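K.L.:
My structure is stored as protein_17.cif, with mmCIF, C-alpha atoms.
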```
data_start
loop_
_atom_site.label_atom_id
_atom_site.label_comp_id
_atom_site.auth_asym_id
_atom_site.auth_seq_id
_atom_site.Cartn_x
_atom_site.Cartn_y
_atom_site.Cartn_z
CA MET A 201 0.00 0.00 0.00
CA THR A 202 2.93 2.36 0.72
CA ALA A 203 4.20 2.03 -2.85
CA VAL A 204 0.68 2.62 -4.24
CA LEU A 205 0.17 5.83 -2.27
CA LEU A 206 3.64 7.12 -3.13
CA ALA A 207 3.10 6.35 -6.83
CA LEU A 208 -0.22 8.22 -6.86
CA GLY A 209 1.36 11.14 -5.02
CA SER A 210 4.16 11.26 -7.58
CA ALA A 211 1.58 11.17 -10.40
CA SER A 212 -0.45 14.08 -9.04
CA THR A 213 2.56 16.33 -8.51
CA PHE A 214 3.99 15.44 -11.93
CA GLY A 215 0.70 16.35 -13.57
CA ALA A 216 0.69 19.66 -11.73
CA MET A 217 4.29 20.23 -12.81
CA THR A 218 3.25 19.88 -16.45
CA VAL A 219 0.76 22.73 -16.09
CA ALA A 220 3.34 24.84 -14.23
CA ILE A 221 5.78 24.34 -17.11
CA ARG A 222 3.15 25.46 -19.61
CA ARG A 223 2.48 28.63 -17.65
CA ALA A 224 6.21 29.37 -17.41
CA LEU A 225 6.69 28.86 -21.15
CA ALA A 226 3.78 31.19 -21.85
CA ARG A 227 5.91 34.01 -20.46
CA GLY A 228 8.34 33.65 -23.35
CA ASN A 229 11.00 31.51 -21.67
CA ALA A 230 13.11 29.16 -23.80
CA VAL A 231 13.00 25.39 -23.37
CA PRO A 232 16.73 24.74 -22.57
CA GLY A 233 17.02 27.55 -20.01
CA GLY A 234 13.68 26.72 -18.47
CA SER A 235 14.49 23.01 -18.17
CA LEU A 236 17.79 23.81 -16.47
CA ALA A 237 16.10 26.23 -14.07
CA LEU A 238 13.58 23.54 -13.14
CA LEU A 239 16.32 20.95 -12.60
CA LEU A 240 18.41 23.30 -10.45
CA VAL A 241 15.47 23.97 -8.14
CA GLY A 242 14.81 20.24 -8.05
CA LEU A 243 18.44 19.54 -7.19
CA LEU A 244 18.38 21.91 -4.22
CA ILE A 245 15.31 20.20 -2.75
CA THR A 246 16.39 16.59 -3.40
CA ALA A 247 19.89 17.31 -2.07
CA ALA A 248 18.37 18.74 1.10
CA ALA A 249 16.23 15.61 1.46
CA ALA A 250 19.32 13.43 0.94
CA LEU A 251 21.01 15.11 3.91
CA VAL A 252 18.23 13.80 6.15
CA ARG A 253 18.68 10.16 5.08
CA HIS A 254 21.95 9.84 3.22
CA ASP A 255 23.37 6.58 1.90
CA PRO A 256 25.90 7.03 -0.93
CA ALA A 257 25.99 3.34 -1.89
CA GLY A 258 25.49 3.05 -5.63
CA ALA A 259 24.91 6.79 -6.05
CA TRP A 260 27.08 6.92 -9.17
CA LYS A 261 24.77 4.42 -10.89
CA PHE A 262 21.75 6.63 -10.26
CA PHE A 263 23.79 9.61 -11.47
CA LEU A 264 24.36 7.83 -14.80
CA ALA A 265 20.66 7.00 -15.01
CA GLY A 266 19.94 10.68 -14.40
CA LEU A 267 21.74 11.61 -17.62
CA LEU A 268 18.85 9.90 -19.40
CA ALA A 269 16.08 10.93 -17.02
CA PRO A 270 15.63 13.63 -15.88
CA GLY A 271 18.45 14.81 -18.17
CA ALA A 272 17.33 14.08 -21.72
CA SER A 273 13.75 13.36 -20.68
CA GLN A 274 13.15 16.76 -19.09
CA LEU A 275 14.38 18.58 -22.18
CA LEU A 276 12.14 16.42 -24.36
CA PHE A 277 9.13 16.76 -22.08
CA THR A 278 9.47 20.55 -21.75
CA ALA A 279 9.73 20.78 -25.55
CA ALA A 280 6.64 18.57 -25.80
CA VAL A 281 4.69 20.92 -23.54
CA ALA A 282 5.85 23.88 -25.63
CA GLU A 283 4.92 22.23 -28.94
CA ALA A 284 1.83 20.18 -28.09
CA GLY A 285 0.44 21.69 -24.88
CA ALA A 286 0.34 20.45 -21.30
CA SER A 287 -2.63 18.10 -21.68
CA ARG A 288 -1.35 16.29 -24.79
CA ALA A 289 2.21 16.00 -23.50
CA SER A 290 0.90 14.63 -20.22
CA ALA A 291 -1.34 12.11 -21.97
CA VAL A 292 1.42 10.74 -24.22
CA GLY A 293 3.85 10.72 -21.30
CA GLY A 294 1.41 8.39 -19.58
CA SER A 295 2.28 5.66 -22.09
CA ALA A 296 5.57 4.99 -20.29
CA PRO A 297 4.16 1.91 -18.48
CA LEU A 298 3.93 0.06 -21.79
CA VAL A 299 7.70 0.27 -22.24
CA ALA A 300 8.27 -0.32 -18.53
CA LEU A 301 6.20 -3.50 -18.64
CA ALA A 302 8.18 -4.84 -21.58
CA ILE A 303 11.38 -4.25 -19.62
CA ALA A 304 9.89 -5.71 -16.43
CA PHE A 305 8.84 -8.90 -18.21
CA SER A 306 11.98 -9.30 -20.32
CA PHE A 307 14.77 -8.29 -17.95
CA LEU A 308 13.38 -8.14 -14.39
CA HIS A 309 11.45 -11.42 -14.76
CA GLU A 310 8.23 -10.04 -13.31
CA PRO A 311 5.09 -12.19 -13.95
CA VAL A 312 3.08 -11.75 -17.18
CA LYS A 313 -0.73 -11.56 -16.93
CA ILE A 314 -3.43 -11.22 -19.60
CA ALA A 315 -4.82 -8.13 -17.90
CA LEU A 316 -1.43 -6.46 -18.27
CA VAL A 317 -1.58 -7.01 -22.03
CA ILE A 318 -5.14 -5.60 -22.14
CA GLY A 319 -3.95 -2.55 -20.24
CA GLY A 320 -1.13 -2.12 -22.71
CA VAL A 321 -3.56 -2.22 -25.64
CA ALA A 322 -5.66 0.49 -23.96
CA ILE A 323 -2.56 2.66 -23.59
CA VAL A 324 -1.59 2.22 -27.23
CA SER A 325 -5.16 2.97 -28.34
CA GLY A 326 -5.13 6.18 -26.34
CA GLY A 327 -1.88 7.20 -27.98
CA VAL A 328 -3.29 6.50 -31.44
CA LEU A 329 -6.31 8.72 -30.72
CA LEU A 330 -4.01 11.56 -29.70
CA ALA A 331 -1.72 11.13 -32.68
CA SER A 332 -4.68 11.09 -35.11
CA GLU A 333 -6.36 14.14 -33.58
CA ARG A 334 -7.76 16.62 -36.10
CA GLY A 335 -8.57 20.24 -35.66
CA ARG A 336 -5.96 20.88 -32.96
CA PRO A 337 -5.20 24.57 -32.28
CA GLY A 338 -2.87 26.08 -34.85
CA HIS A 339 -0.13 26.85 -32.31
CA LEU A 340 0.17 23.18 -31.35
CA ARG A 341 2.52 21.01 -33.42
CA ALA A 342 2.30 17.25 -33.91
CA ARG A 343 6.05 16.84 -33.37
CA GLY A 344 5.39 17.67 -29.74
CA LEU A 345 3.74 14.25 -29.45
CA LEU A 346 6.96 12.64 -30.68
CA TYR A 347 8.94 14.54 -28.07
CA ALA A 348 6.53 13.32 -25.40
CA ALA A 349 6.77 9.73 -26.65
CA ALA A 350 10.58 9.89 -26.56
CA ALA A 351 10.41 11.30 -23.04
CA ALA A 352 8.10 8.42 -22.06
CA VAL A 353 10.72 5.91 -23.22
CA CYS A 354 13.34 7.71 -21.14
CA PHE A 355 11.00 7.62 -18.13
CA ALA A 356 10.46 3.88 -18.53
CA VAL A 357 14.15 3.05 -18.84
CA ARG A 358 14.92 5.27 -15.83
CA ASP A 359 12.21 3.55 -13.79
CA SER A 360 13.58 0.13 -14.72
CA ILE A 361 17.08 1.10 -13.63
CA VAL A 362 15.85 2.55 -10.34
CA ARG A 363 13.83 -0.57 -9.55
CA ALA A 364 16.74 -2.86 -10.48
CA LEU A 365 19.04 -0.91 -8.13
CA HIS A 366 16.52 -0.36 -5.33
CA ALA A 367 18.62 -2.32 -2.83
CA HIS A 368 21.45 0.19 -3.17
CA GLY A 369 21.53 3.41 -1.14
CA SER A 370 18.57 5.48 0.02
CA PRO A 371 15.80 6.79 -2.25
CA GLU A 372 16.61 10.41 -1.33
CA THR A 373 20.29 10.06 -2.23
CA ALA A 374 19.38 8.15 -5.39
CA ALA A 375 16.95 10.89 -6.44
CA ALA A 376 19.49 13.65 -5.78
CA ALA A 377 22.17 11.79 -7.75
CA ALA A 378 19.81 11.31 -10.69
CA VAL A 379 18.78 14.98 -10.67
CA LEU A 380 22.46 16.00 -10.58
CA GLY A 381 22.98 13.98 -13.75
CA GLY A 382 20.01 15.78 -15.25
CA VAL A 383 21.49 19.16 -14.34
CA LEU A 384 24.71 18.36 -16.22
CA VAL A 385 22.71 17.46 -19.34
CA GLY A 386 20.71 20.68 -18.93
CA LEU A 387 23.91 22.71 -18.69
CA ALA A 388 25.28 21.08 -21.84
CA ALA A 389 22.04 21.83 -23.70
CA SER A 390 21.59 25.44 -22.62
CA ARG A 391 25.31 26.34 -22.50
CA ARG A 392 24.52 28.98 -19.89
CA LEU A 393 23.07 29.37 -16.45
CA PRO A 394 19.36 30.25 -16.29
CA SER A 395 18.45 33.90 -15.85
CA ARG A 396 16.68 35.22 -12.76
CA SER A 397 13.44 35.50 -14.69
CA GLU A 398 13.71 31.84 -15.79
CA LEU A 399 14.40 30.73 -12.24
CA ARG A 400 11.38 32.66 -10.96
CA ALA A 401 9.12 31.38 -13.73
CA PHE A 402 10.14 27.73 -13.37
CA ALA A 403 10.57 27.60 -9.59
CA PRO A 404 7.00 26.30 -8.97
CA ALA A 405 7.53 23.56 -11.56
CA GLY A 406 10.90 22.74 -9.98
CA VAL A 407 9.36 22.33 -6.53
CA LEU A 408 6.65 20.03 -7.90
CA PHE A 409 9.26 18.11 -9.88
CA ALA A 410 11.38 17.50 -6.76
CA ILE A 411 8.41 16.32 -4.70
CA SER A 412 7.32 14.01 -7.51
CA TYR A 413 10.83 12.58 -7.89
CA LEU A 414 11.31 11.93 -4.19
CA MET A 415 8.00 10.08 -3.97
CA LEU A 416 8.74 8.20 -7.20
CA PHE A 417 12.08 6.88 -5.98
CA GLU A 418 10.61 5.99 -2.59
CA ALA A 419 7.84 4.08 -4.39
CA TYR A 420 10.31 2.08 -6.48
CA PHE A 421 12.28 1.21 -3.35
CA HIS A 422 9.08 -0.36 -1.96
CA GLY A 423 7.15 -1.76 -4.95
CA ARG A 424 7.56 -3.66 -8.22
CA LEU A 425 8.05 -1.87 -11.52
CA SER A 426 4.89 -3.45 -12.98
CA VAL A 427 2.85 -1.98 -10.11
CA VAL A 428 4.37 1.46 -9.62
CA SER A 429 4.86 2.53 -13.24
CA PRO A 430 1.18 2.16 -14.31
CA LEU A 431 0.02 4.04 -11.23
CA VAL A 432 2.44 6.86 -11.94
CA ALA A 433 0.87 6.99 -15.42
CA THR A 434 -2.29 8.36 -13.81
CA GLU A 435 -0.48 11.69 -14.08
CA THR A 436 -2.37 11.80 -17.37
CA LEU A 437 -5.57 12.37 -15.42
CA TRP A 438 -3.98 15.13 -13.36
CA GLY A 439 -2.26 16.73 -16.34
CA VAL A 440 -5.34 16.85 -18.55
CA GLY A 441 -7.69 17.77 -15.70
CA LEU A 442 -5.52 20.56 -14.31
CA ALA A 443 -4.75 21.85 -17.81
CA ALA A 444 -8.48 22.16 -18.49
CA LEU A 445 -9.03 23.86 -15.13
CA VAL A 446 -6.06 26.23 -15.12
CA LEU A 447 -5.27 26.82 -18.80
CA GLY A 448 -8.80 26.61 -20.16
CA ARG A 449 -9.43 27.16 -23.85
CA SER A 450 -5.78 27.77 -24.70
CA GLU A 451 -5.28 23.98 -24.59
CA GLY A 452 -8.00 23.40 -27.21
CA LEU A 453 -9.19 20.18 -25.59
CA GLY A 454 -11.35 18.14 -27.94
CA ARG A 455 -13.09 14.77 -27.79
CA ARG A 456 -10.08 12.80 -29.03
CA VAL A 457 -7.79 14.35 -26.42
CA VAL A 458 -10.20 13.39 -23.66
CA LEU A 459 -10.76 9.89 -25.06
CA GLY A 460 -7.05 9.37 -25.68
CA ALA A 461 -6.18 10.46 -22.15
CA ALA A 462 -8.94 8.22 -20.80
CA GLY A 463 -7.60 5.22 -22.74
CA ILE A 464 -4.11 5.72 -21.37
CA LEU A 465 -5.48 6.24 -17.87
CA VAL A 466 -7.71 3.16 -17.97
CA GLY A 467 -4.82 1.09 -19.30
CA GLY A 468 -2.63 2.23 -16.43
CA ILE A 469 -5.30 1.42 -13.87
CA VAL A 470 -5.95 -2.05 -15.35
CA ILE A 471 -2.23 -2.79 -15.31
CA GLY A 472 -1.90 -1.54 -11.75
CA ILE A 473 -4.77 -3.69 -10.48
CA ALA A 474 -3.56 -6.77 -12.34
CA ALA A 475 0.03 -6.38 -11.26
CA SER A 476 -0.86 -5.91 -7.61
CA GLY A 477 -3.23 -8.88 -7.53
#
```
Hey, can you dump this file as structure tokens for me?

P.N.:
Amino acid sequence: MTAVLLALGSASTFGAMTVAIRRALARGNAVPGGSLALLLVGLLITAAAALVRHDPAGAWKFFLAGLLAPGASQLLFTAAVAEAGASRASAVGGSAPLVALAIAFSFLHEPVKIALVIGGVAIVSGGVLLASERGRPGHLRARGLLYAAAAAVCFAVRDSIVRALHAHGSPETAAAAAVLGGVLVGLAASRRLPSRSELRAFAPAGVLFAISYLMLFEAYFHGRLSVVSPLVATETLWGVGLAALVLGRSEGLGRRVVLGAAGILVGGIVIGIAASG
């Protein structure tokens, strides 16, 4: 139950982070600088948490994983929000459990169940609905969905690594090490430190990011990949719901967006129930 609650908490804060990123980008901030600002705020918070319960064992492995996610993944996901909007990026990002399940079954030797396959089909169907959406607002670009899908793959691989190494170190230290790796990727991408305006704009997203990451790593230290990953995918519900509430018409939410998000969400729930049974 601990892993379930932590996974849902991580999902809700990640969904809120997506909306916070969209609002920050609306102020004219660039993706590389904004991503780095978010990661720096996240590093401060996760490093502070690591001081409370510090265990450096295996930290370098989590640092290397952090080069992929949140390093590359955060750049991709922020670009996805900029190009496709918060709700669509969040919905496609929710497809990460499909990749995570494939890894869990193939490399972590977790049990395969029919319901898990059904959940995977629901996730793919939701992604197809989003990709085939017509009449999206003119300022939203389809390539943003590709960025979100690439970020989802990074999320899944990161989650698999974290779960495989869960016996090493503490979740707080592991999260801080991973975020540090992400910061180095962000620095390489932006080639400059973020400005004060970027730090102010992305600070709320950075706080939500750090909280989500700490709960995510704690969840993987307590629960299986096939259980935690689908539950974290419920961030789709939070991302789409909060985007509709906070951003309103600027997101241009249509029937296919709602149905696509619902398919991904239902798939994640089915997988979560089946995997925990």

K.L.:
For Leu431 of chain A, find every residue with an atom within 9 Å (counting only C-alpha atoms), except residues of its own chain fewer than 4 positions away, and show them as a ChimeraX atom specification.

P.N.:
/A:204,207-208,211,297,427,435,465,468-469,471-472

K.L.:
Counting all atoms listed in the file, which residue out of A:Ala237, A:Leu437, A:Leu244, A:Val357 sits closest to Phe214 of chain A?

P.N.:
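Using all atoms listed in the file, the shortest distance to Phe214 of chain A belongs to A:Leu437.
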
K.L.:
Of the residues A:Leu316, A:Ala351, A:Leu329, A:Ile245, which is the one nearest to Ala280 of chain A, using all atoms listed in the file?

P.N.:
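Nearest candidate to Ala280 of chain A out of A:Leu316, A:Ala351, A:Leu329, A:Ile245: A:Ala351.
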
K.L.:
Counting only C-alpha atoms, figure out which residue out of A:Val219, A:Ala247, A:Val252, A:Ala286 gets nearest to Ala374 of chain A.

P.N.:
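So, comparing all the options, the nearest one is A:Ala247.
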
K.L.:
Could you jot down the atom CA of Phe409 of chain A to atom CA of Arg424 of chain A separation for me, Å, one decimal place?

P.N.:
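Calculated distance between atom CA of Phe409 of chain A and atom CA of Arg424 of chain A is 21.9 Å.
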
K.L.:
Is it possible to add N, CA and C atoms to segment 380-401 of chain A and hand it back as a PDB file, in the frame of the given file?

P.N.:
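This is the output file selection15.pdb:
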```pdb
ATOM      1  N   LEU A 380      21.165  15.397 -10.267  1.00  0.00           N
ATOM      2  CA  LEU A 380      22.460  16.000 -10.580  1.00  0.00           C
ATOM      3  C   LEU A 380      22.899  15.633 -11.995  1.00  0.00           C
ATOM      4  N   GLY A 381      22.690  14.365 -12.372  1.00  0.00           N
ATOM      5  CA  GLY A 381      22.980  13.980 -13.750  1.00  0.00           C
ATOM      6  C   GLY A 381      22.149  14.755 -14.740  1.00  0.00           C
ATOM      7  N   GLY A 382      20.882  14.990 -14.388  1.00  0.00           N
ATOM      8  CA  GLY A 382      20.010  15.780 -15.250  1.00  0.00           C
ATOM      9  C   GLY A 382      20.484  17.216 -15.388  1.00  0.00           C
ATOM     10  N   VAL A 383      20.996  17.785 -14.313  1.00  0.00           N
ATOM     11  CA  VAL A 383      21.490  19.160 -14.340  1.00  0.00           C
ATOM     12  C   VAL A 383      22.665  19.289 -15.312  1.00  0.00           C
ATOM     13  N   LEU A 384      23.556  18.304 -15.311  1.00  0.00           N
ATOM     14  CA  LEU A 384      24.710  18.360 -16.220  1.00  0.00           C
ATOM     15  C   LEU A 384      24.253  18.312 -17.683  1.00  0.00           C
ATOM     16  N   VAL A 385      23.251  17.499 -17.973  1.00  0.00           N
ATOM     17  CA  VAL A 385      22.710  17.460 -19.340  1.00  0.00           C
ATOM     18  C   VAL A 385      22.064  18.806 -19.674  1.00  0.00           C
ATOM     19  N   GLY A 386      21.338  19.376 -18.708  1.00  0.00           N
ATOM     20  CA  GLY A 386      20.710  20.680 -18.930  1.00  0.00           C
ATOM     21  C   GLY A 386      21.736  21.769 -19.190  1.00  0.00           C
ATOM     22  N   LEU A 387      22.844  21.731 -18.462  1.00  0.00           N
ATOM     23  CA  LEU A 387      23.910  22.710 -18.690  1.00  0.00           C
ATOM     24  C   LEU A 387      24.509  22.565 -20.083  1.00  0.00           C
ATOM     25  N   ALA A 388      24.723  21.324 -20.507  1.00  0.00           N
ATOM     26  CA  ALA A 388      25.280  21.080 -21.840  1.00  0.00           C
ATOM     27  C   ALA A 388      24.338  21.564 -22.930  1.00  0.00           C
ATOM     28  N   ALA A 389      23.027  21.429 -22.690  1.00  0.00           N
ATOM     29  CA  ALA A 389      22.040  21.830 -23.700  1.00  0.00           C
ATOM     30  C   ALA A 389      21.874  23.335 -23.775  1.00  0.00           C
ATOM     31  N   SER A 390      21.835  23.996 -22.623  1.00  0.00           N
ATOM     32  CA  SER A 390      21.590  25.440 -22.620  1.00  0.00           C
ATOM     33  C   SER A 390      22.862  26.258 -22.792  1.00  0.00           C
ATOM     34  N   ARG A 391      24.002  25.685 -22.384  1.00  0.00           N
ATOM     35  CA  ARG A 391      25.310  26.340 -22.500  1.00  0.00           C
ATOM     36  C   ARG A 391      25.388  27.654 -21.726  1.00  0.00           C
ATOM     37  N   ARG A 392      24.528  27.809 -20.755  1.00  0.00           N
ATOM     38  CA  ARG A 392      24.520  28.980 -19.890  1.00  0.00           C
ATOM     39  C   ARG A 392      23.681  28.706 -18.668  1.00  0.00           C
ATOM     40  N   LEU A 393      23.903  29.485 -17.626  1.00  0.00           N
ATOM     41  CA  LEU A 393      23.070  29.370 -16.450  1.00  0.00           C
ATOM     42  C   LEU A 393      21.726  30.055 -16.705  1.00  0.00           C
ATOM     43  N   PRO A 394      20.663  29.595 -16.086  1.00  0.00           N
ATOM     44  CA  PRO A 394      19.360  30.250 -16.290  1.00  0.00           C
ATOM     45  C   PRO A 394      19.348  31.652 -15.722  1.00  0.00           C
ATOM     46  N   SER A 395      18.574  32.530 -16.340  1.00  0.00           N
ATOM     47  CA  SER A 395      18.450  33.900 -15.850  1.00  0.00           C
ATOM     48  C   SER A 395      17.557  33.935 -14.609  1.00  0.00           C
ATOM     49  N   ARG A 396      17.541  35.086 -13.934  1.00  0.00           N
ATOM     50  CA  ARG A 396      16.680  35.220 -12.760  1.00  0.00           C
ATOM     51  C   ARG A 396      15.210  35.071 -13.122  1.00  0.00           C
ATOM     52  N   SER A 397      14.846  35.606 -14.274  1.00  0.00           N
ATOM     53  CA  SER A 397      13.440  35.500 -14.690  1.00  0.00           C
ATOM     54  C   SER A 397      13.066  34.051 -14.963  1.00  0.00           C
ATOM     55  N   GLU A 398      13.976  33.255 -15.542  1.00  0.00           N
ATOM     56  CA  GLU A 398      13.710  31.840 -15.790  1.00  0.00           C
ATOM     57  C   GLU A 398      13.594  31.072 -14.478  1.00  0.00           C
ATOM     58  N   LEU A 399      14.463  31.402 -13.531  1.00  0.00           N
ATOM     59  CA  LEU A 399      14.400  30.730 -12.240  1.00  0.00           C
ATOM     60  C   LEU A 399      13.080  31.040 -11.530  1.00  0.00           C
ATOM     61  N   ARG A 400      12.657  32.292 -11.596  1.00  0.00           N
ATOM     62  CA  ARG A 400      11.380  32.660 -10.960  1.00  0.00           C
ATOM     63  C   ARG A 400      10.213  31.967 -11.658  1.00  0.00           C
ATOM     64  N   ALA A 401      10.241  31.956 -12.977  1.00  0.00           N
ATOM     65  CA  ALA A 401       9.120  31.380 -13.730  1.00  0.00           C
ATOM     66  C   ALA A 401       9.005  29.881 -13.521  1.00  0.00           C
TER      67      ALA A 401
END
```
